[in-house]
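Novice: Let me begin by handing over the structure; questions about it come next.
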Amino acid sequence: MIDIALFGAGRIGKIHAENLVRQAGVRLKYVVDMHVPSAQALAQIYGAKVTDVEGALGDPSVGAVVIASSTNTHADLIISAANAGKAVFCEKPVDLTVERSRESAAAVARNGVTCMIGFQRRFDPTFAALKARIERGEIGDPEMLIITSRDPGAPPVDYIKSSGGIFKDMLIHDLDVFRWILGDEAQTLHATGSCLTDPAVQDAGDIDSTAVTIRTERGLLCQINTSRRAAYGYDQRFEVLGSKGMLQAGNVRPTEVTGWSANAVSVDVPEPFFLERYRQAYAAEMAHFVEALTTGTPVRTTIDDGVKALELAQLATLSWQRKGETLQVMSEGGA
């Protein structure tokens, strides 16, 4: 039996709790949240206890922690859990600063613990199937990746102010997908952006629409377009052009019913939000984490992946701030 402590009883914490308790040989022992009523409500559902950080990490029976709390707590919790010898699953990003993220990775390496970062898109059935077909050589050598990533609407302004900006909050997933799908590292990066959907986002010091172009070390190309507004739903898709063809990964819809009439052929719009779109992916990534703990096999999304994605997000932020200057990616991932 693996006893697990969950940090964060909010929206994503509830999803992880539900997926955790579905795994054989797992017990959710503790829920930790600064808002105690939220912790109590979630703990009651699954027969867990409410405690604080020290109580959870100080219990020798706890073998792993799941970090779903606010971003500003991630690095401290990763380092503390690693020092306590606990395996770690942590939501992205590792931190809002590259330096603190690297310190977290160093603590994980120093203590030799498992640490998985929650890049759930790698576990999406459609995206994973596309990756597998690339690896089988179906389209030959990949040459170009085009990613479209659009939210149905911007988050609250108070959230935006503390999010680290759109590149670290939203595009960090797309930057991870870029590395995963092309299997290469960035050599140069160019980012530009505008505030097109809500002036309040600009007042908060951020943008809501971006375009990023990356050239890899092998000369492959990636274009990422993102927006905080899509009136038709949560738009998540990409295509890979190769030497022998192309593969496309489309959106997930509530149903696959197609309506035919004299005037039009219609299908459902995409799922309305990321919780619905990546329902299967969240379940699959948690099952993978538990399997890794049980069998001792490596996790597929490591803390090093988290650091590298954040390095690219930081570089994209800098490129945008410099009015779209193309920046060279150094060997350590910095600018």
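Ligands are numbered from 1 in the order shown, residues from 1 within each chain, and chains are lettered A, B, ... in the order they appear in the structure tokens.
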May I have the residues within 10 Å of region 43-45 of chain A as a ChimeraX atom specification, using only C-alpha atoms and disregarding those fewer than 3 positions away in the same chain?
Specialist: /A:6,9,14,17-18,28-32,37-40,48-50
Novice: Residues as selected, N, CA and C atoms, written as an mmCIF file, in the first residue's frame, can you do that?
Specialist:
data_model
loop_
_atom_site.group_PDB
_atom_site.id
_atom_site.type_symbol
_atom_site.label_atom_id
_atom_site.label_comp_id
_atom_site.auth_asym_id
_atom_site.auth_seq_id
_atom_site.Cartn_x
_atom_site.Cartn_y
_atom_site.Cartn_z
ATOM 1 N N LEU A 6 -1.795 14.700 -0.486
ATOM 2 C CA LEU A 6 -2.185 15.629 -1.551
ATOM 3 C C LEU A 6 -2.111 17.050 -1.031
ATOM 4 N N ALA A 9 -6.463 21.429 -2.475
ATOM 5 C CA ALA A 9 -7.804 20.842 -2.544
ATOM 6 C C ALA A 9 -8.714 21.615 -3.489
ATOM 7 N N LYS A 14 -8.865 18.147 -6.756
ATOM 8 C CA LYS A 14 -10.012 17.234 -6.728
ATOM 9 C C LYS A 14 -9.905 16.181 -7.824
ATOM 10 N N ALA A 17 -7.202 13.712 -6.800
ATOM 11 C CA ALA A 17 -7.668 12.858 -5.705
ATOM 12 C C ALA A 17 -8.549 11.730 -6.240
ATOM 13 N N GLU A 18 -9.463 12.087 -7.118
ATOM 14 C CA GLU A 18 -10.363 11.077 -7.685
ATOM 15 C C GLU A 18 -9.592 10.022 -8.465
ATOM 16 N N LEU A 28 -5.131 7.578 -0.235
ATOM 17 C CA LEU A 28 -4.972 9.003 0.012
ATOM 18 C C LEU A 28 -5.054 9.207 1.518
ATOM 19 N N LYS A 29 -3.907 9.455 2.148
ATOM 20 C CA LYS A 29 -3.872 9.526 3.607
ATOM 21 C C LYS A 29 -4.108 10.939 4.116
ATOM 22 N N TYR A 30 -3.532 11.936 3.436
ATOM 23 C CA TYR A 30 -3.632 13.317 3.909
ATOM 24 C C TYR A 30 -4.054 14.262 2.784
ATOM 25 N N VAL A 31 -4.786 15.305 3.170
ATOM 26 C CA VAL A 31 -5.057 16.443 2.298
ATOM 27 C C VAL A 31 -4.582 17.686 3.032
ATOM 28 N N VAL A 32 -3.795 18.506 2.333
ATOM 29 C CA VAL A 32 -3.241 19.723 2.912
ATOM 30 C C VAL A 32 -3.664 20.909 2.059
ATOM 31 N N PRO A 37 -11.390 24.471 5.313
ATOM 32 C CA PRO A 37 -12.680 23.871 4.930
ATOM 33 C C PRO A 37 -12.608 23.096 3.615
ATOM 34 N N SER A 38 -11.829 23.592 2.654
ATOM 35 C CA SER A 38 -11.683 22.866 1.389
ATOM 36 C C SER A 38 -10.971 21.543 1.611
ATOM 37 N N ALA A 39 -9.935 21.565 2.431
ATOM 38 C CA ALA A 39 -9.213 20.338 2.747
ATOM 39 C C ALA A 39 -10.119 19.341 3.454
ATOM 40 N N GLN A 40 -10.910 19.830 4.390
ATOM 41 C CA GLN A 40 -11.813 18.953 5.144
ATOM 42 C C GLN A 40 -12.862 18.319 4.238
ATOM 43 N N ALA A 48 -9.686 10.515 4.075
ATOM 44 C CA ALA A 48 -8.325 10.985 4.386
ATOM 45 C C ALA A 48 -8.351 11.882 5.622
ATOM 46 N N LYS A 49 -7.182 12.267 6.074
ATOM 47 C CA LYS A 49 -7.039 13.169 7.210
ATOM 48 C C LYS A 49 -6.559 14.538 6.726
ATOM 49 N N VAL A 50 -6.875 15.558 7.470
ATOM 50 C CA VAL A 50 -6.383 16.905 7.191
ATOM 51 C C VAL A 50 -5.191 17.183 8.096
#
Novice: Can you pull out every residue within 9 Å of Met170 (chain A), counting only C-alpha atoms, but drop anything in the same chain fewer than 6 positions away, and send it as a PyMOL selection string?
Specialist: chain A and resi 149+226+228
Novice: Name the residues of region 94-151 of chain A that come out as helix (DSSP H, G or I) in a backbone DSSP run; write them as an mmCIF file with all heavy atoms, in the first residue's frame.
Specialist:
data_model
loop_
_atom_site.group_PDB
_atom_site.id
_atom_site.type_symbol
_atom_site.label_atom_id
_atom_site.label_comp_id
_atom_site.auth_asym_id
_atom_site.auth_seq_id
_atom_site.Cartn_x
_atom_site.Cartn_y
_atom_site.Cartn_z
ATOM 1 N N VAL A 98 13.371 30.284 -13.409
ATOM 2 C CA VAL A 98 14.234 29.193 -13.855
ATOM 3 C C VAL A 98 15.184 28.781 -12.753
ATOM 4 O O VAL A 98 15.426 27.580 -12.536
ATOM 5 C CB VAL A 98 15.002 29.621 -15.123
ATOM 6 C CG1 VAL A 98 16.073 28.597 -15.476
ATOM 7 C CG2 VAL A 98 14.037 29.807 -16.298
ATOM 8 N N GLU A 99 15.711 29.757 -12.028
ATOM 9 C CA GLU A 99 16.684 29.459 -10.979
ATOM 10 C C GLU A 99 16.096 28.544 -9.907
ATOM 11 O O GLU A 99 16.722 27.554 -9.500
ATOM 12 C CB GLU A 99 17.184 30.763 -10.344
ATOM 13 C CG GLU A 99 17.986 31.652 -11.281
ATOM 14 C CD GLU A 99 17.135 32.371 -12.312
ATOM 15 O OE1 GLU A 99 15.902 32.483 -12.103
ATOM 16 O OE2 GLU A 99 17.708 32.807 -13.342
ATOM 17 N N ARG A 100 14.907 28.871 -9.442
ATOM 18 C CA ARG A 100 14.275 28.062 -8.398
ATOM 19 C C ARG A 100 13.895 26.681 -8.936
ATOM 20 O O ARG A 100 13.960 25.683 -8.203
ATOM 21 C CB ARG A 100 13.039 28.794 -7.873
ATOM 22 C CG ARG A 100 12.434 28.199 -6.622
ATOM 23 C CD ARG A 100 13.364 28.305 -5.439
ATOM 24 N NE ARG A 100 12.669 27.930 -4.210
ATOM 25 C CZ ARG A 100 13.294 27.446 -3.141
ATOM 26 N NH1 ARG A 100 14.602 27.288 -3.156
ATOM 27 N NH2 ARG A 100 12.614 27.138 -2.059
ATOM 28 N N SER A 101 13.533 26.605 -10.198
ATOM 29 C CA SER A 101 13.216 25.314 -10.809
ATOM 30 C C SER A 101 14.443 24.425 -10.856
ATOM 31 O O SER A 101 14.371 23.221 -10.584
ATOM 32 C CB SER A 101 12.662 25.526 -12.221
ATOM 33 O OG SER A 101 11.448 26.220 -12.178
ATOM 34 N N ARG A 102 15.580 25.018 -11.194
ATOM 35 C CA ARG A 102 16.821 24.244 -11.220
ATOM 36 C C ARG A 102 17.210 23.783 -9.820
ATOM 37 O O ARG A 102 17.732 22.671 -9.648
ATOM 38 C CB ARG A 102 17.944 25.079 -11.847
ATOM 39 C CG ARG A 102 17.767 25.315 -13.343
ATOM 40 C CD ARG A 102 18.803 26.288 -13.880
ATOM 41 N NE ARG A 102 18.633 26.506 -15.312
ATOM 42 C CZ ARG A 102 19.200 27.511 -15.989
ATOM 43 N NH1 ARG A 102 19.985 28.379 -15.341
ATOM 44 N NH2 ARG A 102 19.001 27.639 -17.276
ATOM 45 N N GLU A 103 16.962 24.614 -8.823
ATOM 46 C CA GLU A 103 17.226 24.199 -7.447
ATOM 47 C C GLU A 103 16.354 23.003 -7.073
ATOM 48 O O GLU A 103 16.803 22.078 -6.385
ATOM 49 C CB GLU A 103 16.946 25.361 -6.494
ATOM 50 C CG GLU A 103 17.950 26.507 -6.576
ATOM 51 C CD GLU A 103 17.545 27.672 -5.687
ATOM 52 O OE1 GLU A 103 16.633 27.497 -4.851
ATOM 53 O OE2 GLU A 103 18.138 28.753 -5.831
ATOM 54 N N SER A 104 15.122 23.000 -7.533
ATOM 55 C CA SER A 104 14.213 21.879 -7.259
ATOM 56 C C SER A 104 14.718 20.610 -7.921
ATOM 57 O O SER A 104 14.720 19.526 -7.315
ATOM 58 C CB SER A 104 12.807 22.215 -7.766
ATOM 59 O OG SER A 104 12.300 23.379 -7.147
ATOM 60 N N ALA A 105 15.151 20.730 -9.177
ATOM 61 C CA ALA A 105 15.680 19.568 -9.894
ATOM 62 C C ALA A 105 16.930 19.028 -9.207
ATOM 63 O O ALA A 105 17.133 17.810 -9.127
ATOM 64 C CB ALA A 105 15.981 19.944 -11.340
ATOM 65 N N ALA A 106 17.754 19.935 -8.698
ATOM 66 C CA ALA A 106 18.967 19.513 -7.999
ATOM 67 C C ALA A 106 18.626 18.741 -6.722
ATOM 68 O O ALA A 106 19.274 17.743 -6.392
ATOM 69 C CB ALA A 106 19.830 20.721 -7.667
ATOM 70 N N ALA A 107 17.585 19.192 -6.016
ATOM 71 C CA ALA A 107 17.171 18.497 -4.795
ATOM 72 C C ALA A 107 16.641 17.108 -5.112
ATOM 73 O O ALA A 107 16.919 16.137 -4.393
ATOM 74 C CB ALA A 107 16.099 19.310 -4.068
ATOM 75 N N VAL A 108 15.899 16.988 -6.200
ATOM 76 C CA VAL A 108 15.388 15.680 -6.629
ATOM 77 C C VAL A 108 16.543 14.747 -6.962
ATOM 78 O O VAL A 108 16.575 13.587 -6.532
ATOM 79 C CB VAL A 108 14.451 15.848 -7.844
ATOM 80 C CG1 VAL A 108 14.155 14.499 -8.498
ATOM 81 C CG2 VAL A 108 13.152 16.524 -7.413
ATOM 82 N N ALA A 109 17.511 15.245 -7.724
ATOM 83 C CA ALA A 109 18.659 14.416 -8.102
ATOM 84 C C ALA A 109 19.490 14.036 -6.886
ATOM 85 O O ALA A 109 19.946 12.884 -6.764
ATOM 86 C CB ALA A 109 19.512 15.168 -9.115
ATOM 87 N N ARG A 110 19.694 14.989 -5.998
ATOM 88 C CA ARG A 110 20.527 14.753 -4.806
ATOM 89 C C ARG A 110 19.941 13.659 -3.911
ATOM 90 O O ARG A 110 20.671 12.857 -3.327
ATOM 91 C CB ARG A 110 20.669 16.057 -4.024
ATOM 92 C CG ARG A 110 21.601 15.983 -2.832
ATOM 93 C CD ARG A 110 21.863 17.366 -2.271
ATOM 94 N NE ARG A 110 20.656 18.047 -1.824
ATOM 95 C CZ ARG A 110 20.107 19.101 -2.434
ATOM 96 N NH1 ARG A 110 20.663 19.600 -3.533
ATOM 97 N NH2 ARG A 110 19.012 19.671 -1.962
ATOM 98 N N ASN A 111 18.613 13.629 -3.820
ATOM 99 C CA ASN A 111 17.957 12.660 -2.944
ATOM 100 C C ASN A 111 17.536 11.380 -3.670
ATOM 101 O O ASN A 111 17.078 10.434 -3.025
ATOM 102 C CB ASN A 111 16.728 13.309 -2.300
ATOM 103 C CG ASN A 111 17.096 14.363 -1.272
ATOM 104 O OD1 ASN A 111 17.476 14.031 -0.152
ATOM 105 N ND2 ASN A 111 17.001 15.633 -1.650
ATOM 106 N N GLN A 120 0.078 16.795 -18.782
ATOM 107 C CA GLN A 120 -0.897 15.756 -19.092
ATOM 108 C C GLN A 120 -1.124 15.568 -20.583
ATOM 109 O O GLN A 120 -1.609 14.517 -21.020
ATOM 110 C CB GLN A 120 -2.228 16.050 -18.387
ATOM 111 C CG GLN A 120 -3.188 16.965 -19.113
ATOM 112 C CD GLN A 120 -2.819 18.430 -18.993
ATOM 113 O OE1 GLN A 120 -1.937 18.796 -18.232
ATOM 114 N NE2 GLN A 120 -3.518 19.295 -19.721
ATOM 115 N N ARG A 121 -0.744 16.546 -21.406
ATOM 116 C CA ARG A 121 -1.011 16.401 -22.839
ATOM 117 C C ARG A 121 -0.252 15.227 -23.445
ATOM 118 O O ARG A 121 -0.692 14.646 -24.438
ATOM 119 C CB ARG A 121 -0.668 17.701 -23.574
ATOM 120 C CG ARG A 121 -1.575 18.837 -23.151
ATOM 121 C CD ARG A 121 -1.336 20.110 -23.918
ATOM 122 N NE ARG A 121 -2.083 21.205 -23.287
ATOM 123 C CZ ARG A 121 -2.167 22.434 -23.765
ATOM 124 N NH1 ARG A 121 -1.543 22.739 -24.886
ATOM 125 N NH2 ARG A 121 -2.859 23.360 -23.131
ATOM 126 N N ARG A 122 0.872 14.852 -22.863
ATOM 127 C CA ARG A 122 1.596 13.691 -23.363
ATOM 128 C C ARG A 122 0.809 12.402 -23.153
ATOM 129 O O ARG A 122 1.098 11.377 -23.789
ATOM 130 C CB ARG A 122 2.948 13.565 -22.664
ATOM 131 C CG ARG A 122 3.923 14.689 -22.935
ATOM 132 C CD ARG A 122 5.323 14.240 -22.599
ATOM 133 N NE ARG A 122 6.298 15.315 -22.580
ATOM 134 C CZ ARG A 122 7.615 15.120 -22.612
ATOM 135 N NH1 ARG A 122 8.083 13.891 -22.669
ATOM 136 N NH2 ARG A 122 8.445 16.141 -22.573
ATOM 137 N N PHE A 123 -0.173 12.434 -22.251
ATOM 138 C CA PHE A 123 -0.957 11.241 -21.938
ATOM 139 C C PHE A 123 -2.336 11.261 -22.603
ATOM 140 O O PHE A 123 -3.118 10.340 -22.407
ATOM 141 C CB PHE A 123 -1.094 11.107 -20.423
ATOM 142 C CG PHE A 123 0.218 10.883 -19.738
ATOM 143 C CD1 PHE A 123 1.004 11.956 -19.343
ATOM 144 C CD2 PHE A 123 0.688 9.599 -19.505
ATOM 145 C CE1 PHE A 123 2.233 11.759 -18.724
ATOM 146 C CE2 PHE A 123 1.915 9.389 -18.885
ATOM 147 C CZ PHE A 123 2.690 10.470 -18.502
ATOM 148 N N PRO A 125 -4.914 10.416 -25.258
ATOM 149 C CA PRO A 125 -4.903 9.282 -26.187
ATOM 150 C C PRO A 125 -4.640 9.673 -27.636
ATOM 151 O O PRO A 125 -3.889 8.990 -28.345
ATOM 152 C CB PRO A 125 -6.299 8.671 -26.014
ATOM 153 C CG PRO A 125 -6.709 9.058 -24.632
ATOM 154 C CD PRO A 125 -6.134 10.422 -24.416
ATOM 155 N N THR A 126 -5.232 10.780 -28.092
ATOM 156 C CA THR A 126 -5.031 11.209 -29.477
ATOM 157 C C THR A 126 -3.598 11.671 -29.712
ATOM 158 O O THR A 126 -2.947 11.267 -30.689
ATOM 159 C CB THR A 126 -6.008 12.343 -29.834
ATOM 160 O OG1 THR A 126 -7.346 11.860 -29.730
ATOM 161 C CG2 THR A 126 -5.772 12.846 -31.256
ATOM 162 N N PHE A 127 -3.096 12.516 -28.834
ATOM 163 C CA PHE A 127 -1.727 13.014 -28.998
ATOM 164 C C PHE A 127 -0.715 11.871 -28.899
ATOM 165 O O PHE A 127 0.264 11.819 -29.655
ATOM 166 C CB PHE A 127 -1.416 14.078 -27.945
ATOM 167 C CG PHE A 127 -2.203 15.355 -28.088
ATOM 168 C CD1 PHE A 127 -2.138 16.339 -27.118
ATOM 169 C CD2 PHE A 127 -3.010 15.588 -29.192
ATOM 170 C CE1 PHE A 127 -2.846 17.521 -27.235
ATOM 171 C CE2 PHE A 127 -3.729 16.769 -29.326
ATOM 172 C CZ PHE A 127 -3.652 17.740 -28.337
ATOM 173 N N ALA A 128 -0.935 10.964 -27.954
ATOM 174 C CA ALA A 128 -0.014 9.843 -27.773
ATOM 175 C C ALA A 128 -0.032 8.917 -28.986
ATOM 176 O O ALA A 128 1.014 8.384 -29.388
ATOM 177 C CB ALA A 128 -0.370 9.063 -26.509
ATOM 178 N N ALA A 129 -1.208 8.729 -29.586
ATOM 179 C CA ALA A 129 -1.303 7.888 -30.786
ATOM 180 C C ALA A 129 -0.539 8.519 -31.944
ATOM 181 O O ALA A 129 0.140 7.830 -32.713
ATOM 182 C CB ALA A 129 -2.769 7.673 -31.161
ATOM 183 N N LEU A 130 -0.628 9.845 -32.086
ATOM 184 C CA LEU A 130 0.123 10.530 -33.138
ATOM 185 C C LEU A 130 1.624 10.348 -32.930
ATOM 186 O O LEU A 130 2.364 10.055 -33.878
ATOM 187 C CB LEU A 130 -0.244 12.013 -33.168
ATOM 188 C CG LEU A 130 0.390 12.864 -34.261
ATOM 189 C CD1 LEU A 130 -0.543 13.989 -34.699
ATOM 190 C CD2 LEU A 130 1.729 13.458 -33.817
ATOM 191 N N LYS A 131 2.085 10.527 -31.696
ATOM 192 C CA LYS A 131 3.506 10.357 -31.395
ATOM 193 C C LYS A 131 3.958 8.948 -31.738
ATOM 194 O O LYS A 131 5.051 8.752 -32.316
ATOM 195 C CB LYS A 131 3.755 10.658 -29.910
ATOM 196 C CG LYS A 131 5.165 10.359 -29.418
ATOM 197 C CD LYS A 131 6.205 11.262 -30.038
ATOM 198 C CE LYS A 131 7.562 11.045 -29.371
ATOM 199 N NZ LYS A 131 8.627 11.859 -30.004
ATOM 200 N N ALA A 132 3.153 7.947 -31.419
ATOM 201 C CA ALA A 132 3.517 6.560 -31.695
ATOM 202 C C ALA A 132 3.632 6.322 -33.204
ATOM 203 O O ALA A 132 4.526 5.582 -33.662
ATOM 204 C CB ALA A 132 2.492 5.615 -31.080
ATOM 205 N N ARG A 133 2.767 6.942 -33.975
ATOM 206 C CA ARG A 133 2.809 6.755 -35.432
ATOM 207 C C ARG A 133 4.027 7.450 -36.041
ATOM 208 O O ARG A 133 4.597 6.973 -37.025
ATOM 209 C CB ARG A 133 1.499 7.244 -36.048
ATOM 210 C CG ARG A 133 0.337 6.339 -35.679
ATOM 211 C CD ARG A 133 -1.018 6.899 -36.033
ATOM 212 N NE ARG A 133 -1.250 6.964 -37.462
ATOM 213 C CZ ARG A 133 -2.444 7.202 -38.004
ATOM 214 N NH1 ARG A 133 -3.502 7.383 -37.204
ATOM 215 N NH2 ARG A 133 -2.584 7.255 -39.315
ATOM 216 N N ILE A 134 4.442 8.572 -35.452
ATOM 217 C CA ILE A 134 5.697 9.196 -35.881
ATOM 218 C C ILE A 134 6.858 8.247 -35.633
ATOM 219 O O ILE A 134 7.717 8.041 -36.502
ATOM 220 C CB ILE A 134 5.936 10.525 -35.139
ATOM 221 C CG1 ILE A 134 4.937 11.596 -35.596
ATOM 222 C CG2 ILE A 134 7.370 11.020 -35.374
ATOM 223 C CD1 ILE A 134 5.043 12.894 -34.817
ATOM 224 N N GLU A 135 6.883 7.663 -34.437
ATOM 225 C CA GLU A 135 7.987 6.775 -34.068
ATOM 226 C C GLU A 135 8.020 5.512 -34.928
ATOM 227 O O GLU A 135 9.087 4.921 -35.126
ATOM 228 C CB GLU A 135 7.880 6.411 -32.587
ATOM 229 C CG GLU A 135 8.148 7.597 -31.658
ATOM 230 C CD GLU A 135 7.988 7.254 -30.198
ATOM 231 O OE1 GLU A 135 7.303 6.246 -29.892
ATOM 232 O OE2 GLU A 135 8.545 7.992 -29.353
#
Novice: Report the distance between CA of Leu96 (chain A) and CA of Ile224 (chain A) in Å, rounded to one decimal place.
Specialist: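 A separation of 20.8 Å between them.
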Novice: Taking into account only C-alpha atoms, which residue in the set A:Asp268, A:Asp169, A:Asp124, A:Glu91 is nearest to Ala283 (chain A)?
Specialist: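 Residue with the minimum atom-to-atom distance to Ala283 (chain A): A:Asp124.
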Novice: Excluding same-chain residues fewer than 4 positions from region 233-244 of chain A, what lies within 9 Å of it counting only C-alpha atoms, as JSON, numbers by chain?
Specialist: {"A": [127, 130, 134, 137, 138, 139, 140, 141, 142, 143, 144, 145, 146, 147, 148, 149, 150, 151, 152, 153, 181, 182, 229, 248, 249, 250, 251, 252, 269, 270, 271, 272, 273, 274, 277]}
Novice: Give me every strand (DSSP E or B) residue in region 160-313 of chain A, going by DSSP on the backbone, as a compact mmCIF listing (two decimals) with C-alpha atoms, in the first residue's frame.
Specialist:
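File out_2.txt, as written:
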# COMPACT_ATOMS: atom_id res chain seq x y z
CA ALA A 186 15.35 24.65 -29.53
CA GLN A 187 18.23 26.57 -31.09
CA THR A 188 16.47 29.90 -31.74
CA LEU A 189 13.14 31.28 -30.58
CA HIS A 190 11.05 34.26 -31.66
CA ALA A 191 7.90 35.33 -29.80
CA THR A 192 5.46 38.13 -30.30
CA GLY A 193 2.06 38.88 -28.85
CA SER A 194 -0.84 41.25 -28.46
CA SER A 209 -2.63 36.25 -28.00
CA THR A 210 0.80 34.99 -29.05
CA ALA A 211 2.78 33.63 -31.97
CA VAL A 212 6.01 31.72 -31.34
CA THR A 213 8.47 30.36 -33.92
CA ILE A 214 11.21 27.90 -32.96
CA ARG A 215 14.08 26.48 -35.00
CA THR A 216 15.62 23.36 -33.52
CA LEU A 221 10.60 24.24 -37.39
CA CYS A 222 7.75 24.76 -34.95
CA GLN A 223 5.05 27.42 -34.95
CA ILE A 224 2.76 27.88 -31.94
CA ASN A 225 -0.30 30.15 -32.06
CA THR A 226 -2.28 30.76 -28.89
CA SER A 227 -5.25 32.82 -27.78
CA ASP A 235 -9.30 24.40 -29.17
CA GLN A 236 -6.31 22.05 -28.87
CA ARG A 237 -4.80 20.56 -32.02
CA PHE A 238 -1.58 20.23 -33.94
CA GLU A 239 -0.15 18.80 -37.12
CA VAL A 240 3.23 17.36 -38.03
CA LEU A 241 4.57 17.56 -41.57
CA GLY A 242 7.10 14.90 -42.49
CA GLY A 245 3.25 12.73 -45.23
CA MET A 246 1.43 14.52 -42.44
CA LEU A 247 -0.31 13.61 -39.20
CA GLN A 248 -2.97 15.77 -37.54
CA ALA A 249 -4.32 15.58 -33.98
CA THR A 258 -22.60 14.35 -37.43
CA GLY A 259 -25.79 16.06 -38.59
CA TRP A 260 -26.61 16.24 -42.29
CA VAL A 265 -23.24 19.31 -42.27
CA SER A 266 -22.70 19.88 -38.53
CA VAL A 267 -20.70 18.41 -35.67
CA THR A 302 10.50 14.38 -15.50
Novice: What lies within 9 Å of Val201 (chain A) using only C-alpha atoms, ignoring chain neighbours under 4 positions off, as a list in words?
Specialist: Ala154, Pro156, Val157, Ile160, Lys161, Cys195, Thr197, Gly205, Asp206, Ile207 and Asp208 of chain A
